[in-house]
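Presented below is the structure to which this report refers.
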Amino acid sequence: MSEKIDLIERQLKEDKIAEYEIYLTLSAVYEDQFMVRDLDITREGHAWNYFLRVLSQKKKKTGIGLVKGTSFKDSEIRAIIKEAIDMAKLNAEPEYHFPSSTTQYPRVKTVDSTVQRDPTGELRKHSDIILQVAKENLAIPTFGKLRLHVGDTWLHNSNQLELHYAHNAWFLEFSFKAEEGAKKAEFWGTRYARTAKELNLPERLPLWARYAREALSAGMPEVGDGATVVFPPQVVADALVPVIGHHTSAEARYENTTKFDVVGKDVAVEDFSMWDDGLLAGGLGTAPWDGEGNPQQKTPIIDKGHFQGWLYDQRHALIFHERPTGNGLRGGTGQILNELHNLTCSVGRGSFADLISNIDNGLYVTQFSWLNPTELTGSFGAEIRNAYEIHHGELGRPVKGGSVAGNVLTMLKDMVGRSASTELVPAREGTASALLPWMAFRNLKISR
Amino acid sequence: MGKTFEMAYDELWDAFTEFVDGFPRTQAYVDVLIDRSSSTQLVKSKRQEQIIHARGSFGIVARVFTTQWHEFAFQTPEEFAKIQLHMEQLKTSKIEGLAEFPSWKCNEVVPQKRPDLDVPLEEKIAKVRQLAQTLEKTDARIINPIVRYAASTQERIFLNNEGCRLRQVIPRTRLFLQPVAKEGDRQDFDYESFGGEQGFELVENISPATLEEVVHNSVAMLKAVDAPSGQLPVVLDPDMAGLVAHESFGHGLEADQVLRKRSYLEPLFQQKVASEMVNISDCPAEVGQLGSFFFDDEGIKAGKNLLVERGILTHYIYARRSASVLGQPPLGNGRRESFLHRVNERMTNTYFEPGNYGSDEIFANIERGVFLEHGYFGMEDPLGGGIQCTSKKGWLIEHGQKTQLLGPVTLSGRVLDLLQSIDAVAREPFTFHAGTCGKGSEDYVPVTSGGSMIRAQNAVVGPG
């Protein structure tokens with residue numbers, strides 16, 4: 001879409017702006033929503049947005065003006081440039097420059113060519129699968145959404161960086177209800193995925209329906225202060241991504257709020273290693289370059305229990321005289337977020353069944369209402385929505401209600417097992433992924 | 001129409017009036033929402049300052065109903081031309097499941113003393129810096145004084161083929177103070193947030209005592225201990241009580257959940273669901289609150305919805321479709337995040353109405369319990385009727401007194417057990433707390449929740 005960028009760039013050059021960056025996005029959504037067993041709404045939408053950043057250098061400090069626009073009318077572009085210039089005059093941040101062009105951009109797959117060719121046809125095809133499953137009476141569907149995000153992102157800056165990549169992703173939200181007399185139970189799941197294959201509707205929906213049926217016989221958990229709890233990859237990701245994301249960010253290092261304050265610090269059990277993989281196949285955080293135009297990469301975070309180093313965006317790389325690790329993500333209002341992309345870790349030796357077999361008494365939590373740990377402290381407490389007791393190495397009766405509390409940072413040292421098998425799961429509302437095993441932690445607190 | 005929608009108001013009205021009137025109501029229901037907004041965000045921490053301005057975000061959504069909704073969101077006349085053709089083809093001879101509601105006209109602008117866009121950026125930055133500096137200087141243990149200012153002006157224009165011609169301009173300002181404290185290896189924070197349909201005056205009215213208090217509260221968190229676990233009497237501050245009213249109860253009343261056969265409250269309609277002293281309302285017509293407006297995103301006039309009256313469940317929360325199917329009048333709860341998001345049944349300002357107890361009186365007679373303060377986050381459970389609401393902090397109550405500061409507290413269990421065990425509702429304070437609400441994990445809209453402090457004898461608590 002070079003003509004749209006040209007419109008803005010021409011004005012910037014006319015105004016003799018030395019350092020600028022244009023970040024342009026075209027987003028399309030195609031969505032079907034369902035009510036019980038019927039289509040409720042069919043939606044389609046398109047939106048252009050751009051974010052202009054202008055720099056003003058002043059004695060080892062930099063003023064940054066950031067303005068978002070949707071109009072490509074000359075007068076509006078002029079007004080946006082003027083606002084960005086005025087803003088840049090008003091602040092003085094640590095010295096900052098835009099990345100320069102490099103030839104070392106990784107090749108990663110971020111699009112499904114079938115979807116790019118015919119998004120409405122692909123949506124219809126997969127909606128039909130949902131409607132078919134809904135008729136099969138595995139459990140009662142109550143509502144659902146199937147959405148396809150199709151997007152293009154361009155980045156041009158005054159250092160001759162000219163980048164573009166296309167991307168798409170699916171989103172599924174679906175709820176099944178099971179009834180038996182007056183008893184009712186539900187499984188309400190959401191899933192982002194890069195491809196329809198990962199979404200795997202023919203297998204995922206019956207699994208969710210089964211969870212709903214099994215929850216009919218759920219009871220409250222046994223209480224305990226030092227409980228061993230097993231989490232599937234999705235729950236592990238919900239726990240780790242926000243907390244690890246905060247404490248490994250160079251921003252937290254700069255703000256002095258990270259618990260990972262020294263490289264080499266003992267932060268996890270000794271056989272545990274972890275990476276941020278910005279190039280992970282199928283990852284929702286995967287892209288050739290980050291929100292500032294730096295190449296994404298795979299970066300070690302923890303090696304055999306010891307902290308390996310922080311994740312850098314351009315700003316913090318310049319502050320600490322480090323190389324950027326490509327961890328400057330673009331937020332919804334155009335701001336740069338120093339975050340991880342996709343979390344991966346070392347795996348264990350056995351299967352999920354082997355992992356469970358080592359636990360005499362414990363809990364396997366397949367879903368919390370909302371596992372939302374406090375990033376800064378790592379603490380969390382969450383209501384159990386779907387779980388199973390573990391007795392003598394085997395899964396027992398379903399559990400619903402009560403809560404599990406703990407601290408994510410402590411859990412890294414209280415990890416007592418990991419499966420060999422892994423699953424690619426979404427994180428951070430579809431902007432990141434995690435490829436993780438099933439994991440067991442001790443010393444969690446179960447309340448009811 | 002020309003090449004762009006950035007046209008004069010008269011032209012815009014004329015163009016879309018002609019469009020919606022091209023659909024006889026007998027052949028389809030059609031509406032258009034024009035969504036225009038601007039916003040400013042300032043984020044200041046100890047070592048970082050971000051200024052972000054969104055100038056004139058713009059989009060339009062047109063939708064048609066015959067037997068289901070079809071909806072198209074766009075920004076350009078070229079897209080609109082294609083959509084018009086497509087929508088024409090959706091006309092039918094029979095519309096099923098959508099009643100006709102009264103048409104009306106409205107053109108309202110919420111007054112503000114100092115509109116965000118009229119305040120020089122220098123002044124806004126200076127004020128935010130001053131707030132951050134004050135937080136930091138108040139106590140040496142504050143390592144990161146985070147201040148977030150966010151102001152937006154949202155204009156929504158709504159037209160439909162029932163004759164609605166509506167426009168509203170709503171400013172919303174929020175301020176969030178979060179001083180992070182650290183001592184030894186321990187770090188924690190408390191926060192204070194403010195929000196409403198106001199301009200920059202909201203920030204100017206923050207008092208030094210407020211800043212001192214939030215710093216004091218953050219530092220105090222360094223000594224907080226884990227909350228006890230189990231079934232205990234609780235007192236919920238207005239913020240936390242509002243969170244329970246909103247998350248655990250309100251979401252179950254969204255009438256789309258009834259149509260989906262997914263509301264635990266459906267069999268309890270017009271029945272007792274709470275103790276007699278409980279009255280819960282949702283009211284988008286409250287003046288000046290973050291969840292307020294004149295009309296919702298389906299052109300329905302904002303009203304007041306008394307959801308629970310003396311413990312009896314009396315109303316659901318409706319949008320056009322669910323109100324039609326259930327034969328009830330909608331009161332302004334059909335809301336969109338933006339033109340790119342669909343309308344859903346949503347809460348607005350949801351609160352416990354005041355009771356008769358004094359705020360000190362409410363703690364009396366509790367031998368051992370927990371006071372939950374600062375509603376932090378929660379998640380709905382429309383079918384199960386469970387609670388997950390977490391407060392940022394709490395207090396142990398012993399012999400009628402608050403004794404020990406607690407860290408985050410998670411409230412779980414069944415919401416009806418909690419509501420039925422309410423045995424005291426305070427007269428005051430009566431406050432609203434600004435926040436953002438998602439339906440599930442998306443579709444965020446501004447809301448408030450709050451009202452009065454409540455005491456309940458049957459609650460499950462644990463560390464959060």
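In the structure tokens, the first chain shown is A, the next is B, and so on; residue numbers restart at 1 for each chain, and ligands run from 1 in the order shown.
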
Per residue of chain A within 6 Å of chain B, what are the shortest atom pair and its distance in Å to one decimal, counting only C-alpha atoms, with rows by chain and residue number, as a Markdown table?
```
| residue | atom | partner | partner_atom | distance |
| --- | --- | --- | --- | --- |
| A:Met35 | CA | B:Arg260 | CA | 5.9 |
| A:Val36 | CA | B:Arg260 | CA | 5.8 |
| A:Asp40 | CA | B:Gln68 | CA | 5.4 |
| A:Ile41 | CA | B:Trp69 | CA | 4.5 |
| A:Thr42 | CA | B:His70 | CA | 4.9 |
| A:Arg43 | CA | B:Glu71 | CA | 4.7 |
| A:Glu44 | CA | B:Phe72 | CA | 5.0 |
| A:Gly45 | CA | B:Ala73 | CA | 4.1 |
| A:His46 | CA | B:Phe74 | CA | 5.4 |
| A:Leu66 | CA | B:Ile52 | CA | 5.2 |
| A:Val67 | CA | B:His53 | CA | 4.7 |
| A:Lys68 | CA | B:Ala54 | CA | 4.3 |
| A:Gly69 | CA | B:Arg55 | CA | 5.5 |
| A:Thr70 | CA | B:Ser57 | CA | 5.5 |
| A:Thr142 | CA | B:Arg260 | CA | 5.0 |
| A:Phe380 | CA | B:Gly464 | CA | 5.0 |
| A:Gly381 | CA | B:Gly464 | CA | 3.7 |
| A:Glu383 | CA | B:Gln388 | CA | 5.7 |
| A:Ala405 | CA | B:Pro463 | CA | 6.0 |
| A:Ser447 | CA | B:Ser229 | CA | 5.6 |
| A:Arg448 | CA | B:Gly230 | CA | 5.6 |
```

If we count only C-alpha atoms and set the cut-off at 10 Å, which residues sit around Gly305 in chain A, ignoring sequence neighbours fewer than 2 positions away in its own chain? Please answer as a list in words. Gly264, Lys265, Asp266, Val267, Ala268, Val269, Glu270, Asp271, Phe272, Ser273, Met274, Ile301, Ile302, Asp303, Phe307, Gln308, Leu412 and Lys413 of chain A

Distance CA of Ala426 in chain B-CA of Lys272 in chain B, one decimal place? 20.8 Å

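The coordinates place CA of Glu255 in chain A at 16.7 Å from CA of Asn327 in chain A.
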
Would you give me, as a PyMOL selection string, the residues in range 207-390 of chain B that DSSP reads as helix (DSSP H, G or I)? chain B and resi 208-223+238-253+255-259+266-268+320-326+361-363

Would you mind writing down, as a PyMOL selection string, each residue of range 164-405 of chain B that DSSP on the backbone assigns to strand (DSSP E or B)? chain B and resi 165-183+186-189+192-196+225+230-236+254+272+280-282+295+301+305-309+312-313+317+334-335+344-345+349-352+357+368-379+386+388-398+401-405

Could the residues in this selection be saved with C-alpha atoms as a short mmCIF file (atom, residue, chain, number, x, y, z; two decimals), in the first residue's frame?
```cif
data_model
loop_
_atom_site.label_atom_id
_atom_site.label_comp_id
_atom_site.auth_asym_id
_atom_site.auth_seq_id
_atom_site.Cartn_x
_atom_site.Cartn_y
_atom_site.Cartn_z
CA ARG B 165 -31.89 10.53 14.35
CA LEU B 166 -29.46 10.75 17.25
CA ARG B 167 -26.12 12.33 18.07
CA GLN B 168 -24.14 12.45 21.31
CA VAL B 169 -20.69 13.70 22.19
CA ILE B 170 -19.25 12.22 25.37
CA PRO B 171 -15.95 13.10 27.01
CA ARG B 172 -14.45 10.50 29.30
CA THR B 173 -11.43 11.11 31.48
CA ARG B 174 -9.58 8.64 33.67
CA LEU B 175 -6.65 8.98 36.03
CA PHE B 176 -4.81 6.04 37.54
CA LEU B 177 -2.25 6.39 40.33
CA GLN B 178 -0.06 3.41 41.16
CA PRO B 179 2.98 4.07 43.33
CA VAL B 180 5.12 0.91 43.46
CA ALA B 181 6.82 0.49 46.84
CA LYS B 182 9.85 -1.61 47.65
CA GLU B 183 11.64 -2.52 50.86
CA ARG B 186 9.60 -7.15 48.71
CA GLN B 187 7.71 -4.91 46.30
CA ASP B 188 4.00 -4.23 46.03
CA PHE B 189 1.52 -1.47 45.33
CA GLU B 192 -6.38 4.76 43.18
CA SER B 193 -8.38 5.40 40.02
CA PHE B 194 -10.80 8.15 39.06
CA GLY B 195 -13.01 8.48 36.04
CA GLY B 196 -16.10 10.12 34.68
CA VAL B 225 -0.01 -10.95 54.96
CA GLY B 230 -12.43 -20.71 54.05
CA GLN B 231 -15.98 -19.68 54.76
CA LEU B 232 -16.10 -16.43 56.71
CA PRO B 233 -18.30 -13.36 57.16
CA VAL B 234 -17.19 -10.58 54.83
CA VAL B 235 -17.64 -6.85 54.41
CA LEU B 236 -17.22 -5.58 50.86
CA GLU B 254 -27.74 -10.08 30.20
CA LYS B 272 -36.25 -14.05 45.61
CA ILE B 280 -29.34 -3.60 42.68
CA SER B 281 -29.63 -1.20 39.73
CA ASP B 282 -28.06 -0.61 36.35
CA PHE B 295 -28.61 6.56 23.95
CA LYS B 301 -32.82 5.94 25.21
CA ASN B 305 -33.15 -0.64 35.33
CA LEU B 306 -33.91 -1.89 38.85
CA LEU B 307 -32.55 -5.41 38.54
CA VAL B 308 -33.25 -6.56 42.08
CA GLU B 309 -35.91 -4.94 44.23
CA ILE B 312 -36.63 -10.04 44.09
CA LEU B 313 -35.13 -10.41 40.61
CA ILE B 317 -30.55 -6.28 30.77
CA GLY B 334 -26.97 -2.46 23.67
CA ARG B 335 -23.34 -1.41 23.46
CA ASN B 344 -24.00 -6.93 22.99
CA GLU B 345 -26.22 -6.66 26.04
CA ASN B 349 -23.34 1.83 35.90
CA THR B 350 -24.19 -1.13 38.15
CA TYR B 351 -24.56 -0.70 41.87
CA PHE B 352 -26.05 -1.68 45.21
CA TYR B 357 -26.47 0.85 58.23
CA ARG B 368 -13.66 -13.07 62.75
CA GLY B 369 -14.09 -12.09 59.13
CA VAL B 370 -12.53 -10.33 56.18
CA PHE B 371 -13.02 -6.83 54.75
CA LEU B 372 -12.35 -6.80 51.00
CA GLU B 373 -11.20 -3.46 49.67
CA HIS B 374 -10.52 -2.21 46.14
CA GLY B 375 -12.25 -4.50 43.66
CA TYR B 376 -9.45 -5.52 41.31
CA PHE B 377 -10.85 -7.88 38.69
CA GLY B 378 -13.54 -10.50 38.22
CA MET B 379 -14.93 -12.96 35.71
CA GLY B 386 -20.12 -18.88 40.60
CA GLN B 388 -14.56 -15.06 40.98
CA CYS B 389 -13.87 -11.57 42.22
CA THR B 390 -10.53 -10.48 43.57
CA SER B 391 -9.80 -7.43 45.70
CA LYS B 392 -6.41 -5.72 45.65
CA LYS B 393 -6.26 -5.96 49.41
CA GLY B 394 -8.23 -6.81 52.51
CA TRP B 395 -8.32 -6.56 56.26
CA LEU B 396 -8.79 -9.23 58.86
CA ILE B 397 -11.77 -8.32 61.06
CA GLU B 398 -11.52 -9.42 64.67
CA GLN B 401 -12.37 -4.17 64.30
CA LYS B 402 -10.07 -4.14 61.24
CA THR B 403 -6.81 -5.54 62.60
CA GLN B 404 -4.36 -6.96 60.04
CA LEU B 405 -3.77 -5.75 56.47
#
```

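Atom pair CA of Lys177 in chain A / CA of Ser369 in chain A: separated by 15.9 Å.
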
Spatial neighbours of His392 in chain A, max dist 8 Å, only C-alpha atoms, sep filter under 2 positions, as a compact mmCIF listing (two decimals) with N, CA and C atoms, in the first residue's frame:
```txt
# COMPACT_ATOMS: atom_id res chain seq x y z
N SER A 357 1.03 -40.08 37.17
CA SER A 357 1.28 -41.32 37.93
C SER A 357 2.22 -41.10 39.11
N ILE A 359 1.99 -38.64 41.17
CA ILE A 359 1.33 -37.80 42.19
C ILE A 359 0.35 -38.64 42.99
N ASP A 360 0.53 -38.66 44.30
CA ASP A 360 -0.34 -39.47 45.13
C ASP A 360 -1.69 -38.78 45.35
N ASN A 361 -1.61 -37.51 45.75
CA ASN A 361 -2.83 -36.72 45.93
C ASN A 361 -2.60 -35.35 45.31
N ILE A 390 -6.60 -35.86 41.60
CA ILE A 390 -5.63 -36.91 41.29
C ILE A 390 -5.46 -37.75 42.57
N GLU A 394 -3.78 -41.43 39.51
CA GLU A 394 -4.80 -41.47 38.45
C GLU A 394 -5.78 -40.32 38.60
```

List as a list in words the protein and nucleic acid residues near Val325 in chain B, meaning an atom at most 8 Å away when only C-alpha atoms are counted, but skip any in the same chain fewer than 2 places from it. Gly97, Leu98, Arg321, Ser322, Ala323 and Gly327 of chain B

Distance table requested - range 367-436 of chain B against range 446-451 of chain B, cut-off 6 Å, only C-alpha atoms: one row per qualifying residue with the closest atom pair and its distance in Å to one decimal, ordered by chain and rising residue number, as CSV.
```
residue,atom,partner,partner_atom,distance
B:Phe430,CA,B:Gly451,CA,4.9
B:Thr431,CA,B:Gly451,CA,5.2
B:Phe432,CA,B:Gly450,CA,4.6
B:His433,CA,B:Thr448,CA,5.1
B:Ala434,CA,B:Thr448,CA,4.4
B:Gly435,CA,B:Val447,CA,5.4
B:Thr436,CA,B:Pro446,CA,4.6
```

Please produce a file of those selected residues containing N, CA and C atoms, as a tab-separated table (two decimals), in the first residue's frame.
```
chain	number	residue	atom	x	y	z
B	430	PHE	N	-21.52	6.15	49.34
B	430	PHE	CA	-22.17	5.63	48.13
B	430	PHE	C	-21.34	6.13	46.96
B	431	THR	N	-20.54	5.25	46.39
B	431	THR	CA	-19.58	5.71	45.37
B	431	THR	C	-19.59	4.81	44.15
B	432	PHE	N	-19.16	5.41	43.02
B	432	PHE	CA	-19.00	4.67	41.77
B	432	PHE	C	-17.51	4.53	41.47
B	433	HIS	N	-17.14	3.40	40.92
B	433	HIS	CA	-15.74	3.20	40.56
B	433	HIS	C	-15.63	2.89	39.09
B	434	ALA	N	-14.79	3.67	38.44
B	434	ALA	CA	-14.67	3.58	36.98
B	434	ALA	C	-13.86	2.37	36.58
B	435	GLY	N	-14.28	1.71	35.53
B	435	GLY	CA	-13.54	0.57	35.04
B	435	GLY	C	-13.88	0.26	33.60
B	436	THR	N	-13.42	-0.89	33.18
B	436	THR	CA	-13.67	-1.35	31.82
B	436	THR	C	-14.20	-2.77	31.92
```

Which of these residues is nearest to Lys135 in chain A, using only C-alpha atoms: A:Ile85, A:Leu161, A:Leu205, A:Ala47? A:Leu205

Excluding Glu3 in chain A and its own-chain neighbours fewer than 4 positions away, which residues fall within 12 Å of it when counting only C-alpha atoms? Please give them as a PyMOL selection string. chain A and resi 7-10+24+72+154

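The neighbours of Ile362 in chain B here are the residues that come within 9 Å of it, using only C-alpha atoms and leaving out any residue fewer than 6 positions away in the same chain; they are Val235, Gly400, Ala424, Val425, Ala426, Met453, Ile454 and Arg455 of chain B.
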